[in-house]
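**Student:** Dumping the structure here so I can ask a few things about it.
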Amino acid sequence: MQWDWQVFCEDTITREVQPRCFGPGGDITYLEWMLSAWGWTVSVSVLALLLALVVGSVIGTLRTLPHSPWVVRFGNAWVELFRNIPLLVQIFLWYHVIPALIPALKGVPGFVLVVIALGLFTSARIAEQVKSGIQSLPRGQRYAALALGLTTAQAYRHVLLPMAFRIIIPPLTSETMNIFKNSSVAFAVSVAELTMFAMQAQEETSRGIEIYLAVTGLYIVSAFAINRLMAWIERRVRVPGFIASGAAGGH
Amino acid sequence: MLTLDWSFYNWDVISNFVLKGLQFSLMLTVVATLGGVAFGTVLALMRLSGRAWLVWPATVYVNGMRSIPLVMVILWFFLLVPFVIGRPIGAEASAVITFIAFEAAYFSEIVRAGIQSIPRGQVYAGQALGLTYGQNMRYVILPQAFRNMLPVFLTQTIILFQDTSLVYAIGAYDLLKGFEIAGKNYGRPIEAYLAAAVVYFVICYSLSALVKRLHARIAIIR
């Protein structure tokens, strides 16, 4: 077969190859379209990650509270609910079902709904890691904090959580990379991210191999960048004397 | 407030759409698990062999698969397989090949961890008995490794079952598709997606509860 990398320099409307690969005026080439799709992938992933970290930390912490069985049960139910339904089905629920049941959400753009879906799906997995991070701390740490006169909230804020978060950095790294990969499911509700671009551009140009190669390359570059960034953070926040333990992630 | 109407879910709809899709999803899960474990074991043995020409192709394969989104892998195979074998294959057949190839990368990591969890003494004991490398693997190492890894295997299989819904990307007829088509035919997409969520939840929740019990039993024995 013949390679045809020029396809990326083609205008998306006239299919004419543009000199310098960028469309003049308002026109865009496939290259520009792909870069903008990469931007959507990054935006969905980063926003979903923020949501997942906040919600996951809260739920994970709630699940370790002593003497509050109902709060723990609520946290456990949250995790079971969000991890036993496939992500794609959850995205459909947020996109098709919830706006129909809650009219106030009708005007919300699909992008936001996908961020919520991906963020809450991942929050369950992060909650699980935060919980096991807190539980893996020696019991003495909690008692020492309480003996110093800290309230439960202060003990979590100043002693337990800072330690737990450092311990769970390796599984959080896999989870961050998973969010990037999972953002590809947003194609199903027409968010203009990389997978959506790949499917549409392959349809229009029939140069599937070149387009899939480029998109796959961008996913790998993104994954590698996250990996290096997390490794850097891990080195920066390392607590002397504590060895962070790794754990396997899903996809 | 919207009112939900479930009346269209009679036996005909369930057996024609839902069960047809469920059958494919379950078949894909079982075939991909068996194929993925078999191929994944080979990959794990290659990576543990210590011979560069076996180690690095397996490493590249496993890390490559693990760094690409499953949806992209599904699209790749859907594009490439007909190109390689010279004739079009259906979305369903393409999904089966993709899932075996993709899950093998994940299962190989599980098998590798399982083999590495076996104490060195077991390997030496096998060698002392005069077993060859192959016999040692077959009779001593792998049976114990698989047993240690059983809970992780099953958890991965539950994830796999959830991931089968991604064949949506190539339009294969799976459980989710079955619900979706039923919903479209009767103009009730909301009920269809809700029902799909409930069915996936019930299946995955019960399976993970079973795995939890199994895990507790194995933990006591060891």
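Residue numbering restarts at 1 for every chain of the structure tokens, chains are lettered A, B, ... in their displayed order, and ligands are numbered from 1 as they appear.
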Tell me which protein, DNA and RNA residues are within 7 Å of region 60-70 of chain A, counting only C-alpha atoms, leaving out same-chain ones fewer than 2 positions away, and put them as a list in words.

**Tutor:**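 The contact residues come out as Gly56, Ser57, Val58, Val72, Arg73, Phe74, Gly75, Asn76, Ala127, Glu128, Val130 and Lys131 of chain A.
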
**Student:** Can you tell me, as JSON, numbers by chain, what residues are no more than 12 Å from Phe83 (chain B) when counting only C-alpha atoms, ignoring any on the same chain fewer than 4 positions away?

**Tutor:** {"A": [1, 208, 209], "B": [76, 77, 78, 79, 87, 88, 89, 94]}

**Student:** Residues as selected, C-alpha atoms, written as a JSON list (two decimals), in the first residue's frame, can you do that?

**Tutor:**
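Here's the written file selection20.json:
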[["chain", "number", "residue", "atom", "x", "y", "z"],
["A", 1, "MET", "CA", 0.00, 0.00, 0.00],
["A", 208, "GLY", "CA", -7.71, 5.21, 7.94],
["A", 209, "ILE", "CA", -4.22, 3.88, 8.57],
["B", 76, "TRP", "CA", -7.73, -0.57, 14.36],
["B", 77, "PHE", "CA", -8.67, -4.22, 14.09],
["B", 78, "PHE", "CA", -11.93, -3.41, 12.34],
["B", 79, "LEU", "CA", -9.87, -1.54, 9.74],
["B", 87, "ARG", "CA", -11.99, -9.97, 2.65],
["B", 88, "PRO", "CA", -14.43, -8.13, 4.92],
["B", 89, "ILE", "CA", -15.34, -9.74, 8.23],
["B", 94, "SER", "CA", -13.68, -8.45, 14.42]]

**Student:** Separation of CA of Val97 (chain A) and CA of Leu194 (chain B), in Å?

**Tutor:** 7.4 Å

**Student:** May I have a table of the residues of chain B lying at most 9 Å from chain A, giving each one's closest pair of atoms and their distance in Å to one decimal, counting only C-alpha atoms, ordered by chain and ascending residue number, as JSON lines?

**Tutor:**
{"residue": "B:Met1", "atom": "CA", "partner": "A:Leu101", "partner_atom": "CA", "distance": 6.3}
{"residue": "B:Leu2", "atom": "CA", "partner": "A:Leu101", "partner_atom": "CA", "distance": 5.9}
{"residue": "B:Thr3", "atom": "CA", "partner": "A:Leu101", "partner_atom": "CA", "distance": 8.7}
{"residue": "B:Gly64", "atom": "CA", "partner": "A:Ile220", "partner_atom": "CA", "distance": 8.3}
{"residue": "B:Arg66", "atom": "CA", "partner": "A:His251", "partner_atom": "CA", "distance": 7.5}
{"residue": "B:Ser67", "atom": "CA", "partner": "A:Ile220", "partner_atom": "CA", "distance": 5.9}
{"residue": "B:Ile68", "atom": "CA", "partner": "A:Tyr219", "partner_atom": "CA", "distance": 6.4}
{"residue": "B:Pro69", "atom": "CA", "partner": "A:Lys181", "partner_atom": "CA", "distance": 4.6}
{"residue": "B:Leu70", "atom": "CA", "partner": "A:Lys181", "partner_atom": "CA", "distance": 7.7}
{"residue": "B:Val71", "atom": "CA", "partner": "A:Ser184", "partner_atom": "CA", "distance": 6.8}
{"residue": "B:Met72", "atom": "CA", "partner": "A:Thr195", "partner_atom": "CA", "distance": 6.9}
{"residue": "B:Leu75", "atom": "CA", "partner": "A:Met199", "partner_atom": "CA", "distance": 8.1}
{"residue": "B:Trp76", "atom": "CA", "partner": "A:Tyr212", "partner_atom": "CA", "distance": 7.2}
{"residue": "B:Leu79", "atom": "CA", "partner": "A:Gly208", "partner_atom": "CA", "distance": 7.3}
{"residue": "B:Leu80", "atom": "CA", "partner": "A:Ile209", "partner_atom": "CA", "distance": 8.2}
{"residue": "B:Tyr106", "atom": "CA", "partner": "A:Gly250", "partner_atom": "CA", "distance": 8.3}
{"residue": "B:Ile110", "atom": "CA", "partner": "A:Ala248", "partner_atom": "CA", "distance": 8.9}
{"residue": "B:Gln156", "atom": "CA", "partner": "A:Gly250", "partner_atom": "CA", "distance": 7.6}
{"residue": "B:Ile158", "atom": "CA", "partner": "A:Asn84", "partner_atom": "CA", "distance": 8.7}
{"residue": "B:Ile159", "atom": "CA", "partner": "A:Gly250", "partner_atom": "CA", "distance": 7.5}
{"residue": "B:Phe161", "atom": "CA", "partner": "A:Pro86", "partner_atom": "CA", "distance": 8.6}
{"residue": "B:Gln162", "atom": "CA", "partner": "A:Pro86", "partner_atom": "CA", "distance": 4.8}
{"residue": "B:Asp163", "atom": "CA", "partner": "A:Pro86", "partner_atom": "CA", "distance": 6.7}
{"residue": "B:Thr164", "atom": "CA", "partner": "A:Pro86", "partner_atom": "CA", "distance": 8.8}
{"residue": "B:Ser165", "atom": "CA", "partner": "A:Leu88", "partner_atom": "CA", "distance": 6.9}
{"residue": "B:Leu166", "atom": "CA", "partner": "A:Leu88", "partner_atom": "CA", "distance": 7.0}
{"residue": "B:Tyr168", "atom": "CA", "partner": "A:Ala188", "partner_atom": "CA", "distance": 8.1}
{"residue": "B:Ala169", "atom": "CA", "partner": "A:Ala188", "partner_atom": "CA", "distance": 7.5}
{"residue": "B:Leu176", "atom": "CA", "partner": "A:Val89", "partner_atom": "CA", "distance": 7.7}
{"residue": "B:Pro189", "atom": "CA", "partner": "A:His96", "partner_atom": "CA", "distance": 8.0}
{"residue": "B:Ile190", "atom": "CA", "partner": "A:Val97", "partner_atom": "CA", "distance": 5.3}
{"residue": "B:Glu191", "atom": "CA", "partner": "A:Val97", "partner_atom": "CA", "distance": 8.2}
{"residue": "B:Tyr193", "atom": "CA", "partner": "A:Leu93", "partner_atom": "CA", "distance": 6.5}
{"residue": "B:Leu194", "atom": "CA", "partner": "A:Leu93", "partner_atom": "CA", "distance": 7.1}
{"residue": "B:Ala196", "atom": "CA", "partner": "A:Val89", "partner_atom": "CA", "distance": 7.4}
{"residue": "B:Ala197", "atom": "CA", "partner": "A:Ile85", "partner_atom": "CA", "distance": 6.1}
{"residue": "B:Val198", "atom": "CA", "partner": "A:Ile85", "partner_atom": "CA", "distance": 8.0}
{"residue": "B:Val199", "atom": "CA", "partner": "A:Ile85", "partner_atom": "CA", "distance": 8.8}
{"residue": "B:Tyr200", "atom": "CA", "partner": "A:Ile85", "partner_atom": "CA", "distance": 5.7}
{"residue": "B:Phe201", "atom": "CA", "partner": "A:Asn84", "partner_atom": "CA", "distance": 5.1}
{"residue": "B:Val202", "atom": "CA", "partner": "A:Asn84", "partner_atom": "CA", "distance": 8.0}
{"residue": "B:Ile203", "atom": "CA", "partner": "A:Asn84", "partner_atom": "CA", "distance": 8.3}
{"residue": "B:Cys204", "atom": "CA", "partner": "A:Asn84", "partner_atom": "CA", "distance": 5.3}
{"residue": "B:Tyr205", "atom": "CA", "partner": "A:Asn84", "partner_atom": "CA", "distance": 5.8}
{"residue": "B:Ser208", "atom": "CA", "partner": "A:Asn84", "partner_atom": "CA", "distance": 8.5}

**Student:** Set the distance at 7 Å and use only C-alpha atoms: which residues neighbour Ser25 (chain B) once local chain neighbours fewer than 4 positions away are removed? I'd like the list as a VMD selection string.

**Tutor:** chain B and resid 21 29 164 174 to 175

**Student:** Just to be explicit: take each residue in the selection above, keep N, CA, C and O atoms, and write the result as a tab-separated table (two decimals), in the first residue's frame.

**Tutor:**
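Wrote out34.tsv, looks like this:
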chain	number	residue	atom	x	y	z
B	21	GLY	N	-28.55	-9.83	22.35
B	21	GLY	CA	-27.36	-9.04	22.66
B	21	GLY	C	-26.58	-9.63	23.82
B	21	GLY	O	-25.35	-9.74	23.78
B	29	THR	N	-17.22	-12.30	26.21
B	29	THR	CA	-16.51	-12.30	27.49
B	29	THR	C	-15.78	-13.63	27.69
B	29	THR	O	-14.60	-13.66	28.03
B	164	THR	N	-17.05	-4.99	26.99
B	164	THR	CA	-17.63	-5.47	25.74
B	164	THR	C	-18.61	-4.45	25.18
B	164	THR	O	-18.86	-4.42	23.98
B	174	ASP	N	-24.37	-6.21	20.69
B	174	ASP	CA	-24.15	-6.71	22.05
B	174	ASP	C	-25.33	-6.32	22.93
B	174	ASP	O	-26.34	-5.81	22.44
B	175	LEU	N	-25.18	-6.57	24.24
B	175	LEU	CA	-26.28	-6.32	25.17
B	175	LEU	C	-26.78	-4.87	25.09
B	175	LEU	O	-27.98	-4.61	25.00

**Student:** Near Phe102 (chain B), counting only C-alpha atoms, which residues have an atom at most 10 Å away, once you skip same-chain residues fewer than 2 positions from it, shown as a list in words?

**Tutor:**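 Selected residues are Ala32, Gly36, Gly40, Tyr61, Val62, Gly64, Met65, Arg66, Ile68, Leu70, Val73, Ile74, Val96, Ile97, Thr98, Phe99, Ile100, Ala104, Ala105, Tyr106 and Phe107 of chain B.
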
**Student:** Write to file, as a PDB file, in the first residue's frame, the residues of the selection just made, with N, CA and C atoms.

**Tutor:**
ATOM      1  N   ALA B  32     -12.983 -14.187  24.974  1.00  0.00           N
ATOM      2  CA  ALA B  32     -11.853 -13.271  25.170  1.00  0.00           C
ATOM      3  C   ALA B  32     -11.090 -13.629  26.436  1.00  0.00           C
ATOM      4  N   GLY B  36      -7.583 -14.776  25.810  1.00  0.00           N
ATOM      5  CA  GLY B  36      -6.672 -13.791  26.404  1.00  0.00           C
ATOM      6  C   GLY B  36      -5.746 -14.432  27.422  1.00  0.00           C
ATOM      7  N   GLY B  40      -2.057 -14.591  26.721  1.00  0.00           N
ATOM      8  CA  GLY B  40      -1.397 -13.804  27.762  1.00  0.00           C
ATOM      9  C   GLY B  40      -0.352 -14.617  28.511  1.00  0.00           C
ATOM     10  N   TYR B  61       4.628  -5.356  22.786  1.00  0.00           N
ATOM     11  CA  TYR B  61       3.220  -5.671  22.538  1.00  0.00           C
ATOM     12  C   TYR B  61       2.361  -5.296  23.742  1.00  0.00           C
ATOM     13  N   VAL B  62       2.792  -5.760  24.931  1.00  0.00           N
ATOM     14  CA  VAL B  62       1.983  -5.541  26.130  1.00  0.00           C
ATOM     15  C   VAL B  62       1.889  -4.048  26.447  1.00  0.00           C
ATOM     16  N   GLY B  64       2.393  -1.536  24.459  1.00  0.00           N
ATOM     17  CA  GLY B  64       1.680  -0.849  23.381  1.00  0.00           C
ATOM     18  C   GLY B  64       0.178  -0.954  23.572  1.00  0.00           C
ATOM     19  N   MET B  65      -0.315  -2.183  23.763  1.00  0.00           N
ATOM     20  CA  MET B  65      -1.755  -2.397  23.932  1.00  0.00           C
ATOM     21  C   MET B  65      -2.274  -1.614  25.134  1.00  0.00           C
ATOM     22  N   ARG B  66      -1.464  -1.588  26.210  1.00  0.00           N
ATOM     23  CA  ARG B  66      -1.929  -0.960  27.435  1.00  0.00           C
ATOM     24  C   ARG B  66      -1.920   0.555  27.353  1.00  0.00           C
ATOM     25  N   ILE B  68      -2.932   2.270  24.585  1.00  0.00           N
ATOM     26  CA  ILE B  68      -3.924   2.757  23.615  1.00  0.00           C
ATOM     27  C   ILE B  68      -5.322   2.507  24.173  1.00  0.00           C
ATOM     28  N   LEU B  70      -9.010   1.212  24.442  1.00  0.00           N
ATOM     29  CA  LEU B  70      -9.621   0.022  23.833  1.00  0.00           C
ATOM     30  C   LEU B  70     -10.430   0.374  22.586  1.00  0.00           C
ATOM     31  N   VAL B  73      -8.222   0.462  19.701  1.00  0.00           N
ATOM     32  CA  VAL B  73      -7.805  -0.887  19.297  1.00  0.00           C
ATOM     33  C   VAL B  73      -8.924  -1.563  18.502  1.00  0.00           C
ATOM     34  N   ILE B  74     -10.161  -1.392  18.989  1.00  0.00           N
ATOM     35  CA  ILE B  74     -11.304  -1.975  18.277  1.00  0.00           C
ATOM     36  C   ILE B  74     -11.376  -1.418  16.862  1.00  0.00           C
ATOM     37  N   VAL B  96     -14.324 -10.164  18.373  1.00  0.00           N
ATOM     38  CA  VAL B  96     -13.740 -11.323  19.065  1.00  0.00           C
ATOM     39  C   VAL B  96     -12.217 -11.291  18.951  1.00  0.00           C
ATOM     40  N   ILE B  97     -11.717 -11.083  17.729  1.00  0.00           N
ATOM     41  CA  ILE B  97     -10.262 -11.041  17.527  1.00  0.00           C
ATOM     42  C   ILE B  97      -9.644  -9.916  18.356  1.00  0.00           C
ATOM     43  N   THR B  98     -10.269  -8.731  18.300  1.00  0.00           N
ATOM     44  CA  THR B  98      -9.745  -7.585  19.043  1.00  0.00           C
ATOM     45  C   THR B  98      -9.654  -7.865  20.527  1.00  0.00           C
ATOM     46  N   PHE B  99     -10.727  -8.408  21.087  1.00  0.00           N
ATOM     47  CA  PHE B  99     -10.749  -8.592  22.539  1.00  0.00           C
ATOM     48  C   PHE B  99      -9.723  -9.623  22.982  1.00  0.00           C
ATOM     49  N   ILE B 100      -9.547 -10.694  22.191  1.00  0.00           N
ATOM     50  CA  ILE B 100      -8.520 -11.682  22.568  1.00  0.00           C
ATOM     51  C   ILE B 100      -7.154 -10.995  22.570  1.00  0.00           C
ATOM     52  N   ALA B 104      -5.220 -10.082  26.159  1.00  0.00           N
ATOM     53  CA  ALA B 104      -4.003 -10.855  26.386  1.00  0.00           C
ATOM     54  C   ALA B 104      -2.951  -9.989  27.074  1.00  0.00           C
ATOM     55  N   ALA B 105      -2.872  -8.711  26.683  1.00  0.00           N
ATOM     56  CA  ALA B 105      -1.878  -7.815  27.277  1.00  0.00           C
ATOM     57  C   ALA B 105      -2.141  -7.648  28.771  1.00  0.00           C
ATOM     58  N   TYR B 106      -3.418  -7.507  29.145  1.00  0.00           N
ATOM     59  CA  TYR B 106      -3.760  -7.333  30.559  1.00  0.00           C
ATOM     60  C   TYR B 106      -3.585  -8.639  31.322  1.00  0.00           C
ATOM     61  N   PHE B 107      -4.056  -9.746  30.723  1.00  0.00           N
ATOM     62  CA  PHE B 107      -3.919 -11.027  31.412  1.00  0.00           C
ATOM     63  C   PHE B 107      -2.448 -11.406  31.569  1.00  0.00           C
TER      64      PHE B 107
END

**Student:** Leaving out region 46-58 of chain B and any residue of its chain fewer than 2 positions from it, which residues lie within 12 Å of it when counting only C-alpha atoms, given as a list in words?

**Tutor:**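 Close residues of region 46-58 of chain B: Phe39, Gly40, Thr41, Val42, Leu43, Ala44, Val60, Tyr61, Val62, Asn63, Gly64, Met65, Ala104, Ala105, Ser108, Glu109, Val111, Arg112, Ala113, Gly114, Ile115, Gln116, Tyr133, Gly134 and Met137 of chain B.
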
**Student:** Apply DSSP to the structure's backbone, then extract all residues of region 9-215 of chain A labelled helix (DSSP H, G or I) and return them as number ranges by chain.

**Tutor:** A: 9, 19-21, 30-62, 69-83, 87-101, 103-105, 110-135, 139-147, 152-167, 169-189, 194-205, 208-215

**Student:** Could you name the residues that touch Ala125 (chain B) at 10 Å or less, counting only C-alpha atoms, but leaving out those on the same chain fewer than 5 positions away, as a PyMOL selection string?

**Tutor:** chain B and resi 120+130-131+136+140

**Student:** Would you write out those residues with C-alpha atoms, as a PDB file, in the first residue's frame?

**Tutor:**
ATOM      1  CA  ARG B 120      11.955 -19.457  44.415  1.00  0.00           C
ATOM      2  CA  GLY B 130      14.688 -33.537  37.566  1.00  0.00           C
ATOM      3  CA  LEU B 131      11.775 -31.765  35.861  1.00  0.00           C
ATOM      4  CA  ASN B 136       8.313 -27.458  35.979  1.00  0.00           C
ATOM      5  CA  VAL B 140       4.592 -26.881  39.660  1.00  0.00           C
TER       6      VAL B 140
END

**Student:** Which residue is closest to Val42 (chain A)? Choose from A:Leu161, A:Arg235, A:Gln18, A:Glu193 and count only C-alpha atoms.

**Tutor:**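 Distance minimum relative to Val42 (chain A) lands on A:Glu193.
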
**Student:** Applying 8 Å and only C-alpha atoms, which residues near Tyr186 (chain B) remain after dropping the ones on its own chain fewer than 3 positions away? List them as a list in words.

**Tutor:**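 So the residues in contact are Phe8, Ala182 and Gly183 of chain B.
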
**Student:** Save out the residues we just selected, C-alpha atoms, as a short mmCIF file (atom, residue, chain, number, x, y, z; two decimals), in the first residue's frame.

**Tutor:**
data_model
loop_
_atom_site.label_atom_id
_atom_site.label_comp_id
_atom_site.auth_asym_id
_atom_site.auth_seq_id
_atom_site.Cartn_x
_atom_site.Cartn_y
_atom_site.Cartn_z
CA PHE B 8 -43.23 -2.58 25.90
CA ALA B 182 -35.52 -2.22 21.40
CA GLY B 183 -35.77 1.32 22.78
#
